$ cat my_file_27.cif   # mmCIF, C-alpha atoms and all ligand atoms
data_upload
loop_
_atom_site.label_atom_id
_atom_site.label_comp_id
_atom_site.auth_asym_id
_atom_site.auth_seq_id
_atom_site.Cartn_x
_atom_site.Cartn_y
_atom_site.Cartn_z
CA MET A 1 -52.21 111.76 165.01
CA GLN A 2 -53.60 111.59 161.46
CA PRO A 3 -56.56 109.21 161.08
CA ILE A 4 -56.42 105.70 159.73
CA THR A 5 -58.28 106.35 156.50
CA PHE A 6 -60.51 104.05 154.49
CA ILE A 7 -61.51 104.67 150.90
CA GLY A 8 -64.95 103.06 150.65
CA THR A 9 -67.73 102.09 153.02
CA GLY A 10 -68.59 98.65 151.70
CA LEU A 11 -68.41 95.39 153.62
CA ALA A 12 -64.61 95.35 153.34
CA ALA A 13 -63.95 98.74 154.94
CA TYR A 14 -66.64 98.38 157.60
CA THR A 15 -65.51 94.86 158.54
CA VAL A 16 -61.95 96.07 159.18
CA ALA A 17 -63.19 99.03 161.19
CA ARG A 18 -65.55 96.98 163.36
CA GLU A 19 -62.77 94.50 164.10
CA PHE A 20 -60.30 97.34 164.72
CA ARG A 21 -62.59 98.97 167.26
CA LYS A 22 -62.53 95.74 169.30
CA LEU A 23 -58.78 96.33 169.69
CA ASP A 24 -58.52 100.11 169.75
CA LYS A 25 -61.37 102.39 170.82
CA GLU A 26 -59.56 105.71 170.43
CA SER A 27 -57.39 106.06 167.33
CA PRO A 28 -59.12 108.35 164.85
CA LEU A 29 -60.80 106.68 161.87
CA ARG A 30 -61.93 108.44 158.69
CA PHE A 31 -63.91 107.04 155.79
CA ILE A 32 -64.25 108.70 152.42
CA THR A 33 -66.85 107.28 150.09
CA THR A 34 -68.64 108.14 146.88
CA ASP A 35 -71.87 106.61 148.20
CA ASP A 36 -74.10 107.37 151.22
CA GLY A 37 -72.08 105.35 153.71
CA HIS A 38 -75.06 103.28 154.87
CA PHE A 39 -74.32 99.72 155.93
CA TYR A 40 -76.06 97.05 153.86
CA SER A 41 -75.42 93.50 152.76
CA LYS A 42 -74.51 93.64 149.09
CA PRO A 43 -75.33 89.95 148.43
CA MET A 44 -78.97 90.84 149.10
CA LEU A 45 -79.07 92.91 145.90
CA SER A 46 -79.62 89.89 143.67
CA ASN A 47 -82.54 88.43 145.61
CA ALA A 48 -84.12 91.58 147.00
CA PHE A 49 -86.81 92.22 144.42
CA ALA A 50 -89.00 89.21 145.17
CA GLN A 51 -88.77 90.15 148.86
CA LYS A 52 -90.07 93.62 147.91
CA LYS A 53 -86.96 95.27 149.34
CA THR A 54 -86.30 98.90 148.50
CA PRO A 55 -82.84 100.51 148.73
CA GLU A 56 -84.03 102.04 152.01
CA THR A 57 -85.15 98.76 153.57
CA LEU A 58 -81.90 97.06 152.52
CA VAL A 59 -79.98 99.45 154.77
CA THR A 60 -79.35 97.69 158.07
CA MET A 61 -77.50 100.59 159.70
CA PRO A 62 -77.67 104.20 158.47
CA VAL A 63 -74.48 106.21 158.18
CA THR A 64 -75.33 108.30 161.26
CA LYS A 65 -75.32 105.12 163.35
CA MET A 66 -72.10 103.91 161.70
CA VAL A 67 -70.44 107.18 162.77
CA GLU A 68 -71.50 106.48 166.36
CA GLN A 69 -70.75 102.77 166.35
CA LEU A 70 -67.26 103.22 164.91
CA ASN A 71 -66.50 106.54 166.57
CA ALA A 72 -65.43 107.67 163.12
CA GLU A 73 -65.68 110.52 160.66
CA ILE A 74 -67.48 109.44 157.47
CA LEU A 75 -67.36 111.74 154.46
CA THR A 76 -70.05 110.67 152.01
CA GLN A 77 -70.63 111.61 148.36
CA THR A 78 -66.93 112.33 148.12
CA GLN A 79 -64.79 110.80 145.42
CA VAL A 80 -61.11 110.24 146.05
CA THR A 81 -59.33 111.32 142.89
CA GLN A 82 -55.70 110.71 143.82
CA ILE A 83 -53.67 108.79 146.34
CA ALA A 84 -50.21 110.09 147.17
CA PRO A 85 -48.40 107.53 149.35
CA SER A 86 -45.16 109.53 149.34
CA GLU A 87 -47.05 112.40 151.05
CA HIS A 88 -49.16 110.10 153.27
CA ALA A 89 -52.15 111.91 151.77
CA ILE A 90 -55.10 111.41 149.46
CA TYR A 91 -57.03 113.97 147.47
CA ALA A 92 -60.68 114.46 146.63
CA GLY A 93 -60.36 117.07 143.92
CA ASP A 94 -58.26 119.83 145.47
CA LYS A 95 -59.10 118.80 149.03
CA ARG A 96 -56.23 117.04 150.77
CA PHE A 97 -56.59 114.45 153.55
CA ASP A 98 -53.54 113.25 155.47
CA TYR A 99 -53.51 109.72 156.82
CA SER A 100 -51.44 107.61 159.18
CA GLN A 101 -52.40 104.34 157.49
CA LEU A 102 -54.56 104.00 154.38
CA VAL A 103 -56.95 101.18 153.47
CA LEU A 104 -58.08 100.84 149.87
CA ALA A 105 -61.52 99.21 149.97
CA TRP A 106 -62.92 100.80 146.85
CA GLY A 107 -64.42 97.67 145.32
CA ALA A 108 -64.84 96.69 141.68
CA ASP A 109 -66.58 98.04 138.59
CA PRO A 110 -69.12 96.09 136.57
CA ILE A 111 -67.60 94.92 133.29
CA ARG A 112 -69.24 96.81 130.43
CA ILE A 113 -69.03 95.01 127.13
CA PRO A 114 -69.01 97.26 124.08
CA LEU A 115 -72.47 97.27 122.49
CA ALA A 116 -73.77 98.97 119.38
CA GLY A 117 -77.15 100.68 119.13
CA ASN A 118 -78.75 103.94 120.21
CA ALA A 119 -79.73 102.61 123.64
CA ALA A 120 -76.51 100.80 124.57
CA ASP A 121 -76.10 103.20 127.49
CA LYS A 122 -79.47 102.10 128.92
CA VAL A 123 -78.11 98.70 129.95
CA LEU A 124 -78.26 98.51 133.76
CA HIS A 125 -75.81 97.01 136.26
CA VAL A 126 -76.51 96.30 139.92
CA ASN A 127 -73.43 96.71 142.07
CA ASP A 128 -74.61 99.04 144.83
CA LEU A 129 -77.73 100.45 146.45
CA GLY A 130 -78.01 103.31 143.95
CA ASP A 131 -77.89 100.84 141.04
CA TYR A 132 -80.53 98.73 142.74
CA GLY A 133 -82.81 101.77 143.09
CA ARG A 134 -82.45 102.53 139.36
CA PHE A 135 -83.08 98.88 138.51
CA ARG A 136 -86.24 98.77 140.62
CA ALA A 137 -87.50 101.96 139.03
CA ALA A 138 -86.90 100.51 135.55
CA LEU A 139 -88.86 97.38 136.49
CA GLU A 140 -91.98 99.44 137.33
CA GLY A 141 -94.57 98.43 134.77
CA ALA A 142 -92.10 96.25 132.86
CA LYS A 143 -93.02 92.73 131.81
CA ARG A 144 -89.91 91.42 130.12
CA VAL A 145 -86.33 91.53 131.38
CA VAL A 146 -83.19 90.37 129.62
CA VAL A 147 -80.28 89.36 131.85
CA MET A 148 -76.90 89.27 130.11
CA GLY A 149 -74.59 86.73 131.75
CA ALA A 150 -75.59 83.36 133.20
CA GLY A 151 -72.95 83.34 135.92
CA LEU A 152 -73.75 83.17 139.63
CA ILE A 153 -75.28 86.61 139.81
CA GLY A 154 -77.16 86.44 136.49
CA CYS A 155 -78.76 83.15 137.56
CA GLU A 156 -79.67 84.66 140.93
CA PHE A 157 -81.41 87.63 139.30
CA ALA A 158 -83.27 85.32 136.90
CA ASN A 159 -84.41 83.16 139.82
CA ASP A 160 -85.55 86.24 141.73
CA LEU A 161 -87.37 88.05 138.92
CA GLN A 162 -89.24 85.29 137.07
CA PRO A 163 -91.34 84.21 140.09
CA ALA A 164 -91.99 87.90 140.81
CA GLY A 165 -93.99 88.07 137.58
CA PHE A 166 -91.44 89.06 134.94
CA SER A 167 -90.70 87.16 131.81
CA VAL A 168 -86.93 86.71 132.04
CA THR A 169 -84.52 85.83 129.24
CA LEU A 170 -81.01 84.83 130.27
CA ILE A 171 -78.33 85.13 127.60
CA ASP A 172 -74.74 83.92 127.73
CA ILE A 173 -71.96 83.43 125.25
CA ALA A 174 -70.95 80.17 127.01
CA PRO A 175 -72.62 76.84 126.15
CA ASN A 176 -74.18 76.46 129.60
CA ALA A 177 -75.00 78.27 132.82
CA LEU A 178 -72.21 79.08 135.30
CA GLY A 179 -69.58 78.71 132.56
CA ARG A 180 -66.28 77.21 133.57
CA LEU A 181 -67.00 77.49 137.29
CA VAL A 182 -68.88 74.19 137.44
CA PRO A 183 -69.00 70.96 135.43
CA GLU A 184 -71.53 70.87 132.61
CA ALA A 185 -73.96 68.58 134.48
CA VAL A 186 -74.33 71.20 137.21
CA GLY A 187 -74.89 73.95 134.66
CA HIS A 188 -77.62 71.79 133.16
CA ALA A 189 -79.25 71.21 136.56
CA VAL A 190 -79.45 74.96 137.15
CA GLN A 191 -80.73 75.53 133.61
CA GLN A 192 -83.43 72.91 134.04
CA ALA A 193 -84.59 74.52 137.28
CA LEU A 194 -84.69 78.00 135.74
CA GLN A 195 -86.55 76.71 132.69
CA GLU A 196 -89.13 75.08 134.93
CA LEU A 197 -89.71 78.51 136.47
CA GLY A 198 -90.33 79.85 132.96
CA VAL A 199 -86.97 81.57 132.29
CA SER A 200 -85.97 81.54 128.60
CA LEU A 201 -82.35 80.56 128.05
CA TYR A 202 -80.11 81.56 125.15
CA PHE A 203 -76.62 80.06 125.14
CA GLU A 204 -73.68 80.56 122.77
CA LYS A 205 -75.14 83.93 121.85
CA ALA A 206 -74.05 87.46 122.66
CA VAL A 207 -75.98 90.70 122.64
CA LYS A 208 -74.62 92.82 119.78
CA SER A 209 -76.74 95.93 119.96
CA VAL A 210 -79.45 97.62 122.00
CA ASP A 211 -81.82 100.06 120.30
CA SER A 212 -84.88 101.95 121.48
CA ALA A 213 -88.18 100.36 120.50
CA ASP A 214 -91.83 101.44 120.90
CA SER A 215 -91.99 100.07 124.41
CA GLY A 216 -88.54 99.37 125.74
CA TYR A 217 -85.62 98.06 123.74
CA ARG A 218 -84.82 95.87 120.77
CA LEU A 219 -81.78 93.62 121.21
CA THR A 220 -79.95 92.12 118.27
CA LEU A 221 -77.97 89.00 119.11
CA SER A 222 -74.83 87.61 117.49
CA ASP A 223 -76.92 85.21 115.35
CA GLU A 224 -78.98 88.23 114.14
CA SER A 225 -82.07 87.12 116.08
CA VAL A 226 -84.01 89.96 117.70
CA LEU A 227 -85.54 90.24 121.17
CA GLU A 228 -87.87 92.92 122.53
CA THR A 229 -87.59 93.76 126.20
CA TYR A 230 -88.32 96.51 128.72
CA VAL A 231 -85.20 96.19 130.85
CA VAL A 232 -81.67 94.97 130.09
CA LEU A 233 -79.52 93.98 133.04
CA SER A 234 -75.86 93.15 132.55
CA ALA A 235 -74.37 90.64 134.99
CA ILE A 236 -71.19 89.87 133.09
CA GLY A 237 -68.88 90.20 136.07
CA LEU A 238 -66.76 92.70 137.94
CA ARG A 239 -63.27 94.09 137.46
CA PRO A 240 -61.28 95.34 140.48
CA ARG A 241 -60.85 99.11 140.53
CA THR A 242 -57.15 99.76 140.07
CA GLU A 243 -56.83 103.11 138.24
CA LEU A 244 -55.92 105.30 141.23
CA ALA A 245 -53.45 102.69 142.47
CA LYS A 246 -51.84 102.45 139.03
CA ALA A 247 -51.59 106.23 138.79
CA ALA A 248 -49.77 106.23 142.15
CA ASN A 249 -47.34 103.56 140.86
CA LEU A 250 -48.59 100.89 143.23
CA SER A 251 -48.13 97.35 142.06
CA VAL A 252 -51.26 96.35 140.16
CA ASN A 253 -52.10 93.15 138.33
CA ARG A 254 -55.72 91.95 138.03
CA GLY A 255 -56.36 93.76 141.31
CA VAL A 256 -54.33 95.97 143.62
CA VAL A 257 -51.49 93.62 144.55
CA VAL A 258 -51.09 92.91 148.28
CA ASP A 259 -49.11 90.44 150.33
CA ARG A 260 -50.35 88.16 153.11
CA PHE A 261 -50.50 91.21 155.40
CA LEU A 262 -52.81 92.95 152.91
CA LYS A 263 -50.02 95.47 152.35
CA THR A 264 -49.66 97.07 148.94
CA SER A 265 -46.29 97.93 147.42
CA ALA A 266 -46.44 101.29 149.28
CA ASP A 267 -45.71 101.66 152.99
CA ASP A 268 -48.76 102.12 155.23
CA VAL A 269 -51.16 101.43 152.35
CA TYR A 270 -53.33 98.29 152.51
CA ALA A 271 -56.08 96.88 150.30
CA LEU A 272 -58.80 94.26 150.68
CA GLY A 273 -62.17 93.25 149.32
CA ASP A 274 -63.20 93.30 145.67
CA CYS A 275 -60.33 95.61 144.63
CA ALA A 276 -57.51 93.48 146.03
CA GLU A 277 -55.39 90.66 144.68
CA VAL A 278 -54.10 88.72 147.67
CA GLU A 279 -51.14 86.49 146.80
CA GLY A 280 -52.41 86.24 143.24
CA LEU A 281 -56.03 85.57 144.25
CA VAL A 282 -58.93 87.84 143.35
CA LEU A 283 -61.87 86.46 145.36
CA PRO A 284 -64.80 88.89 145.16
CA PHE A 285 -66.92 87.27 147.87
CA VAL A 286 -67.87 88.03 151.44
CA MET A 287 -66.01 85.27 153.27
CA PRO A 288 -62.54 86.19 151.94
CA LEU A 289 -63.03 89.83 152.85
CA MET A 290 -64.14 88.87 156.37
CA SER A 291 -60.95 86.84 156.87
CA ALA A 292 -58.89 89.66 155.39
CA GLY A 293 -60.74 92.23 157.51
CA ARG A 294 -60.00 90.42 160.77
CA ALA A 295 -56.31 90.09 159.92
CA LEU A 296 -55.93 93.67 158.72
CA ALA A 297 -57.63 95.09 161.82
CA LYS A 298 -54.89 93.50 163.93
CA THR A 299 -52.14 94.74 161.65
CA LEU A 300 -53.53 98.30 161.79
CA ALA A 301 -53.53 97.96 165.58
CA ARG A 302 -49.81 97.12 165.30
CA GLN A 303 -50.23 93.36 165.77
CA LEU A 304 -48.82 92.23 162.42
CA THR A 305 -51.14 89.43 161.23
CA ALA A 306 -51.13 87.44 158.00
CA VAL A 307 -54.44 86.57 156.39
CA THR A 308 -55.42 82.93 156.11
CA TYR A 309 -58.18 81.67 153.86
CA PRO A 310 -59.89 78.43 154.80
CA ALA A 311 -61.96 76.67 152.14
CA MET A 312 -64.84 79.08 151.50
CA PRO A 313 -67.81 77.58 149.63
CA VAL A 314 -70.20 80.11 148.11
CA VAL A 315 -73.91 79.50 148.63
CA VAL A 316 -75.66 80.57 145.43
CA LYS A 317 -79.06 82.20 145.91
CA THR A 318 -80.97 80.13 143.36
CA PRO A 319 -83.76 78.52 145.42
CA ALA A 320 -85.10 76.83 142.28
CA CYS A 321 -81.91 74.77 142.37
CA PRO A 322 -80.06 75.07 145.70
CA LEU A 323 -76.37 75.30 144.86
CA VAL A 324 -73.06 75.48 146.72
CA VAL A 325 -69.83 76.07 144.85
CA SER A 326 -66.28 75.64 146.09
CA PRO A 327 -64.30 75.73 142.86
CA PRO A 328 -60.79 74.25 142.64
CA ALA A 329 -57.91 76.71 142.21
CA VAL A 330 -57.64 78.02 138.66
CA GLY A 331 -55.39 75.75 136.57
CA LEU A 332 -55.21 73.00 139.20
CA GLU A 333 -54.69 69.59 137.60
CA GLY A 334 -57.42 67.07 138.36
CA GLU A 335 -60.79 65.68 137.40
CA TRP A 336 -64.43 66.09 138.34
CA GLN A 337 -66.22 63.00 139.60
CA ILE A 338 -69.93 63.45 139.19
CA ASP A 339 -72.59 61.59 141.09
CA GLY A 340 -76.37 61.99 141.03
CA GLU A 341 -78.79 63.12 138.41
CA GLY A 342 -81.40 65.72 137.56
CA LYS A 343 -81.25 68.52 140.10
CA ASP A 344 -79.41 66.55 142.81
CA ILE A 345 -75.77 66.49 141.81
CA LYS A 346 -72.56 66.05 143.75
CA ALA A 347 -69.47 66.97 141.75
CA LEU A 348 -66.13 66.42 143.48
CA PHE A 349 -62.82 67.63 142.08
CA TYR A 350 -59.85 65.37 142.81
CA THR A 351 -56.18 66.02 142.04
CA PRO A 352 -54.06 63.14 140.62
CA SER A 353 -53.00 62.37 144.23
CA GLN A 354 -56.70 61.97 145.16
CA GLN A 355 -56.87 65.15 147.26
CA LEU A 356 -60.40 66.59 147.22
CA SER A 357 -59.81 70.15 145.98
CA GLY A 358 -63.22 71.49 145.10
CA PHE A 359 -66.88 70.61 144.99
CA VAL A 360 -70.21 71.67 143.63
CA LEU A 361 -73.46 70.48 145.18
CA THR A 362 -76.99 70.99 143.95
CA GLY A 363 -80.46 70.17 145.25
CA ALA A 364 -80.60 67.61 148.04
CA LYS A 365 -76.81 67.12 147.87
CA VAL A 366 -76.30 70.60 149.37
CA ALA A 367 -76.77 68.91 152.76
CA GLU A 368 -73.23 67.50 152.38
CA LYS A 369 -71.61 70.95 152.32
CA THR A 370 -70.29 71.05 155.90
CA ALA A 371 -68.77 67.57 155.82
CA LEU A 372 -67.09 68.13 152.45
CA THR A 373 -65.77 71.57 153.41
CA LYS A 374 -63.83 69.93 156.24
CA GLU A 375 -62.04 67.74 153.70
CA LEU A 376 -60.89 70.64 151.52
CA PRO A 377 -57.41 72.11 151.90
CA ALA A 378 -57.12 75.76 152.97
CA ILE A 379 -56.92 78.26 150.11
CA LEU A 380 -54.19 80.20 151.94
CA ALA A 381 -52.91 78.21 154.91
C1 LIG B 1 -75.54 91.42 143.12
C2 LIG B 1 -74.43 90.84 143.94
C3 LIG B 1 -74.65 89.68 144.66
C4 LIG B 1 -73.62 89.11 145.41
N1 LIG B 1 -73.86 87.97 146.11
C5 LIG B 1 -72.88 87.43 146.86
C6 LIG B 1 -73.10 86.25 147.64
O1 LIG B 1 -74.19 85.68 147.61
N2 LIG B 1 -72.09 85.77 148.40
C7 LIG B 1 -70.86 86.38 148.45
O2 LIG B 1 -69.97 85.92 149.16
N3 LIG B 1 -70.61 87.51 147.72
C8 LIG B 1 -71.59 88.04 146.94
N4 LIG B 1 -71.34 89.18 146.21
C9 LIG B 1 -70.01 89.80 146.31
C10 LIG B 1 -69.89 90.65 147.60
O3 LIG B 1 -71.07 91.36 147.81
C11 LIG B 1 -68.69 91.59 147.45
O4 LIG B 1 -67.54 90.76 147.37
C12 LIG B 1 -68.51 92.57 148.61
O5 LIG B 1 -69.71 93.19 148.97
C13 LIG B 1 -67.46 93.61 148.20
O6 LIG B 1 -67.29 94.55 149.21
P1 LIG B 1 -66.22 95.73 149.06
O7 LIG B 1 -66.32 96.51 150.32
O8 LIG B 1 -64.91 95.19 148.64
O9 LIG B 1 -66.73 96.60 147.82
P2 LIG B 1 -68.00 97.57 147.68
O10 LIG B 1 -69.12 97.11 148.52
O11 LIG B 1 -68.23 97.72 146.22
O12 LIG B 1 -67.51 98.94 148.29
C14 LIG B 1 -66.70 99.83 147.59
C15 LIG B 1 -66.80 101.17 148.26
O13 LIG B 1 -65.82 102.05 147.70
C16 LIG B 1 -66.42 103.30 147.40
N5 LIG B 1 -65.59 103.92 146.35
C17 LIG B 1 -65.23 103.41 145.15
N6 LIG B 1 -64.40 104.25 144.51
C18 LIG B 1 -64.22 105.31 145.33
C19 LIG B 1 -63.47 106.52 145.24
N7 LIG B 1 -62.70 106.81 144.19
N8 LIG B 1 -63.54 107.40 146.26
C20 LIG B 1 -64.29 107.14 147.36
N9 LIG B 1 -65.02 106.01 147.49
C21 LIG B 1 -64.97 105.11 146.50
C22 LIG B 1 -67.85 102.93 147.02
O14 LIG B 1 -68.72 104.03 147.13
C23 LIG B 1 -68.14 101.86 148.09
O15 LIG B 1 -68.48 102.47 149.32
C24 LIG B 1 -72.35 89.74 145.44
C25 LIG B 1 -72.12 90.92 144.70
C26 LIG B 1 -73.15 91.46 143.95
C27 LIG B 1 -72.89 92.71 143.15
#

$ encode --input "my_file_27.cif" --output "structure tokens"
Amino acid sequence: MQPITFIGTGLAAYTVAREFRKLDKESPLRFITTDDGHFYSKPMLSNAFAQKKTPETLVTMPVTKMVEQLNAEILTQTQVTQIAPSEHAIYAGDKRFDYSQLVLAWGADPIRIPLAGNAADKVLHVNDLGDYGRFRAALEGAKRVVVMGAGLIGCEFANDLQPAGFSVTLIDIAPNALGRLVPEAVGHAVQQALQELGVSLYFEKAVKSVDSADSGYRLTLSDESVLETYVVLSAIGLRPRTELAKAANLSVNRGVVVDRFLKTSADDVYALGDCAEVEGLVLPFVMPLMSAGRALAKTLARQLTAVTYPAMPVVVKTPACPLVVSPPAVGLEGEWQIDGEGKDIKALFYTPSQQLSGFVLTGAKVAEKTALTKELPAILA
């Protein structure tokens, strides 16, 4: 029997495999990954620096142990270059690997905005352990850091780095932090907390160019103002990896399109995690991939199971302003009702029929998370 094959060894692939092994101890499993195959919690990457974590100490289970635990073959540092569903095979260069069932868990790429300047390629992104290692190395001896993007992850990095002794500047093209994800009052609460830490905030401005300077880089912004910094981190967002799927004529939209069974448009090919679009939803967070992983494990073990998504609030790692976000569905009609002030805000999103359909809590109001989550409708019932 050809192995069930996973492309990727992130949380998505490993969650499916761990769940699968609870149901089937014997069927062969193979992983092919461009990275080292170590198990780590990716959400830790944006608050690891202040905790003095290195890439090595972020690893909670090395690949050798994953091989044992999953009774699997794990091929590391190997890039899949083609998938061929009609042959039930994938290729890494000219090496062919046959599969029985294939799971695409190849994640997402950081969005790279086009920048001018002779050091535009020095802008860093942190999306895996290798990136984190490069970022840490760049921070050695640095004093100033510019973070591009004041979304969830940009705010988390700012909150992590400023108290660790860096002078952080957070820049975003939007008028306030966390953009359209939260009502303005919440963005302001987060901004106030970051400012109190000492973070400098620049809104409604974009970085235009990055050039080498005597020590570090010189950034020119859209209003022609200039900033000097040692490190530039881009946290603009992620885009699902879809190229190999597109080349194989799989259905692709924002992500690799899958149905409720996580099945792509090709037989025996499934996708989940940051690369997948499940029933029109791209949800690049841990809780959705855990739900998807549990369902897919059963399907791979021949117990066809549809994924369900309960309401899944995201806890944002900004201790300066504790924050929980459960945004309403994109385009849903309704209104925010905002209660509280300063850093303690409760924002509830109601539809015209008065159904609570989203919430954002900050500061002391975070304590209401569990009760409010129970009132939310499921995302995919
Ligand atoms: C800094 C940061 C902080 C975050 N914080 C949170 C948080 O607080 N809460 C939350 O819910 N979510 C958070 N997230 C999101 C969450 O971490 C991701 O949704 C999740 O880890 C994605 O897992 P994945 O397995 O789909 O992708 P990945 O972990 O990216 O795994 C992709 C795998 O595919 C491999 N791969 C890619 N292309 C190929 C190829 N061609 N051939 C072979 N292998 C390939 C890669 O090497 C990797 O092993 C955060 C993300 C980041 C970047």

$ residues_near_ligand --input "my_file_27.cif" --ligand "ligand LIG 1 (chain B)" --cutoff "7 Å" --atoms "only C-alpha atoms and all ligand atoms" --output "PyMOL selection string"
chain A and resi 7-13+32-35+37+41-46+78-81+105-108+126-128+153+272-275+284-287+314-317

$ atom_distance --input "my_file_27.cif" --atom1 "atom CA of A:Pro327" --atom2 "atom CA of A:Val258"
22.3 Å

$ closest_atom_pairs --input "my_file_27.cif" --of "stretch 50-77 of chain A" --to "stretch 14-20 of chain A" --cutoff "9 Å" --atoms "only C-alpha atoms" --output "CSV"
residue,atom,partner,partner_atom,distance
A:Met66,CA,A:Tyr14,CA,8.8
A:Gln69,CA,A:Arg18,CA,8.3
A:Leu70,CA,A:Arg18,CA,6.7

$ residues_near_point --input "my_file_27.cif" --point "(-47.5, 109.7, 165.1)" --cutoff "8 Å" --atoms "all atoms listed in the file" --output "tab-separated table (two decimals) with C-alpha atoms, in the frame of the given file"
chain	number	residue	atom	x	y	z
A	1	MET	CA	-52.21	111.76	165.01
A	2	GLN	CA	-53.60	111.59	161.46
A	100	SER	CA	-51.44	107.61	159.18

$ closest_residue --input "my_file_27.cif" --among "A:Ala116, A:Leu29, A:Ala378, A:Ile173" --to "A:Leu75" --atoms "only C-alpha atoms"
A:Leu29

$ residues_around --input "my_file_27.cif" --residues "A:Arg180" --least-positions-apart "2" --cutoff "12 Å" --atoms "all atoms listed in the file" --output "PyMOL selection string"
chain A and resi 150-152+173-178+182-187+325+327-328+330-331

$ write_last_selection --input "my_file_27.cif" --atoms "C-alpha atoms" --output "compact mmCIF listing (two decimals), in the coordinates of the input"
# COMPACT_ATOMS: atom_id res chain seq x y z
CA ALA A 150 -75.59 83.36 133.20
CA GLY A 151 -72.95 83.34 135.92
CA LEU A 152 -73.75 83.17 139.63
CA ILE A 173 -71.96 83.43 125.25
CA ALA A 174 -70.95 80.17 127.01
CA PRO A 175 -72.62 76.84 126.15
CA ASN A 176 -74.18 76.46 129.60
CA ALA A 177 -75.00 78.27 132.82
CA LEU A 178 -72.21 79.08 135.30
CA VAL A 182 -68.88 74.19 137.44
CA PRO A 183 -69.00 70.96 135.43
CA GLU A 184 -71.53 70.87 132.61
CA ALA A 185 -73.96 68.58 134.48
CA VAL A 186 -74.33 71.20 137.21
CA GLY A 187 -74.89 73.95 134.66
CA VAL A 325 -69.83 76.07 144.85
CA PRO A 327 -64.30 75.73 142.86
CA PRO A 328 -60.79 74.25 142.64
CA VAL A 330 -57.64 78.02 138.66
CA GLY A 331 -55.39 75.75 136.57

$ closest_residue --input "my_file_27.cif" --among "A:Val67, A:Val307, A:Leu281, A:Leu115" --to "A:Thr220" --atoms "all atoms listed in the file"
A:Leu115

$ residues_around --input "my_file_27.cif" --residues "A:Gly117" --least-positions-apart "3" --cutoff "7 Å" --atoms "all atoms listed in the file" --output "list in words"
Ala120, Ser209, Val210 and Asp211 of chain A

$ residues_around --input "my_file_27.cif" --residues "A:Ser222" --least-positions-apart "5" --cutoff "7 Å" --atoms "all atoms listed in the file" --output "PyMOL selection string"
chain A and resi 205-208

$ atom_distance --input "my_file_27.cif" --atom1 "atom CA of A:Lys53" --atom2 "atom CA of A:Val199"
21.9 Å

$ closest_residue --input "my_file_27.cif" --among "A:Leu194, A:Ala320, A:Leu289, A:Ile379" --to "A:Ala271" --atoms "all atoms listed in the file"
A:Leu289

$ residues_around --input "my_file_27.cif" --residues "A:Asn253" --least-positions-apart "2" --cutoff "9 Å" --atoms "all atoms listed in the file" --output "PyMOL selection string"
chain A and resi 242+251+255-257+277+280

$ write_last_selection --input "my_file_27.cif" --atoms "C-alpha atoms" --output "PDB file, in the coordinates of the input"
ATOM      1  CA  THR A 242     -57.150  99.760 140.070  1.00  0.00           C
ATOM      2  CA  SER A 251     -48.130  97.350 142.060  1.00  0.00           C
ATOM      3  CA  GLY A 255     -56.360  93.760 141.310  1.00  0.00           C
ATOM      4  CA  VAL A 256     -54.330  95.970 143.620  1.00  0.00           C
ATOM      5  CA  VAL A 257     -51.490  93.620 144.550  1.00  0.00           C
ATOM      6  CA  GLU A 277     -55.390  90.660 144.680  1.00  0.00           C
ATOM      7  CA  GLY A 280     -52.410  86.240 143.240  1.00  0.00           C
TER       8      GLY A 280
END

$ atom_distance --input "my_file_27.cif" --atom1 "atom CA of A:Ile236" --atom2 "atom CA of A:Glu204"
14.1 Å

$ decode --input "my_file_27.cif" --residues "stretch 196-219 of chain A" --atoms "C-alpha atoms" --output "PDB file, in the first residue's frame"
ATOM      1  CA  GLU A 196       2.266  53.662  26.988  1.00  0.00           C
ATOM      2  CA  LEU A 197       4.930  50.988  26.489  1.00  0.00           C
ATOM      3  CA  GLY A 198       6.853  53.465  24.338  1.00  0.00           C
ATOM      4  CA  VAL A 199       5.983  52.146  20.852  1.00  0.00           C
ATOM      5  CA  SER A 200       5.858  54.893  18.184  1.00  0.00           C
ATOM      6  CA  LEU A 201       2.821  54.640  15.933  1.00  0.00           C
ATOM      7  CA  TYR A 202       2.507  55.855  12.352  1.00  0.00           C
ATOM      8  CA  PHE A 203      -0.909  55.439  10.742  1.00  0.00           C
ATOM      9  CA  GLU A 204      -2.130  56.228   7.224  1.00  0.00           C
ATOM     10  CA  LYS A 205       1.441  55.894   6.021  1.00  0.00           C
ATOM     11  CA  ALA A 206       3.181  53.248   3.960  1.00  0.00           C
ATOM     12  CA  VAL A 207       6.840  52.378   3.631  1.00  0.00           C
ATOM     13  CA  LYS A 208       7.918  53.326   0.103  1.00  0.00           C
ATOM     14  CA  SER A 209      11.578  52.419   0.077  1.00  0.00           C
ATOM     15  CA  VAL A 210      14.298  50.817   2.166  1.00  0.00           C
ATOM     16  CA  ASP A 211      17.923  51.844   1.622  1.00  0.00           C
ATOM     17  CA  SER A 212      21.158  50.979   3.378  1.00  0.00           C
ATOM     18  CA  ALA A 213      22.336  53.584   5.878  1.00  0.00           C
ATOM     19  CA  ASP A 214      25.492  53.919   8.019  1.00  0.00           C
ATOM     20  CA  SER A 215      24.057  51.705  10.720  1.00  0.00           C
ATOM     21  CA  GLY A 216      21.057  49.819   9.458  1.00  0.00           C
ATOM     22  CA  TYR A 217      18.456  51.147   7.057  1.00  0.00           C
ATOM     23  CA  ARG A 218      16.776  54.361   6.001  1.00  0.00           C
ATOM     24  CA  LEU A 219      13.046  54.066   5.313  1.00  0.00           C
TER      25      LEU A 219
END
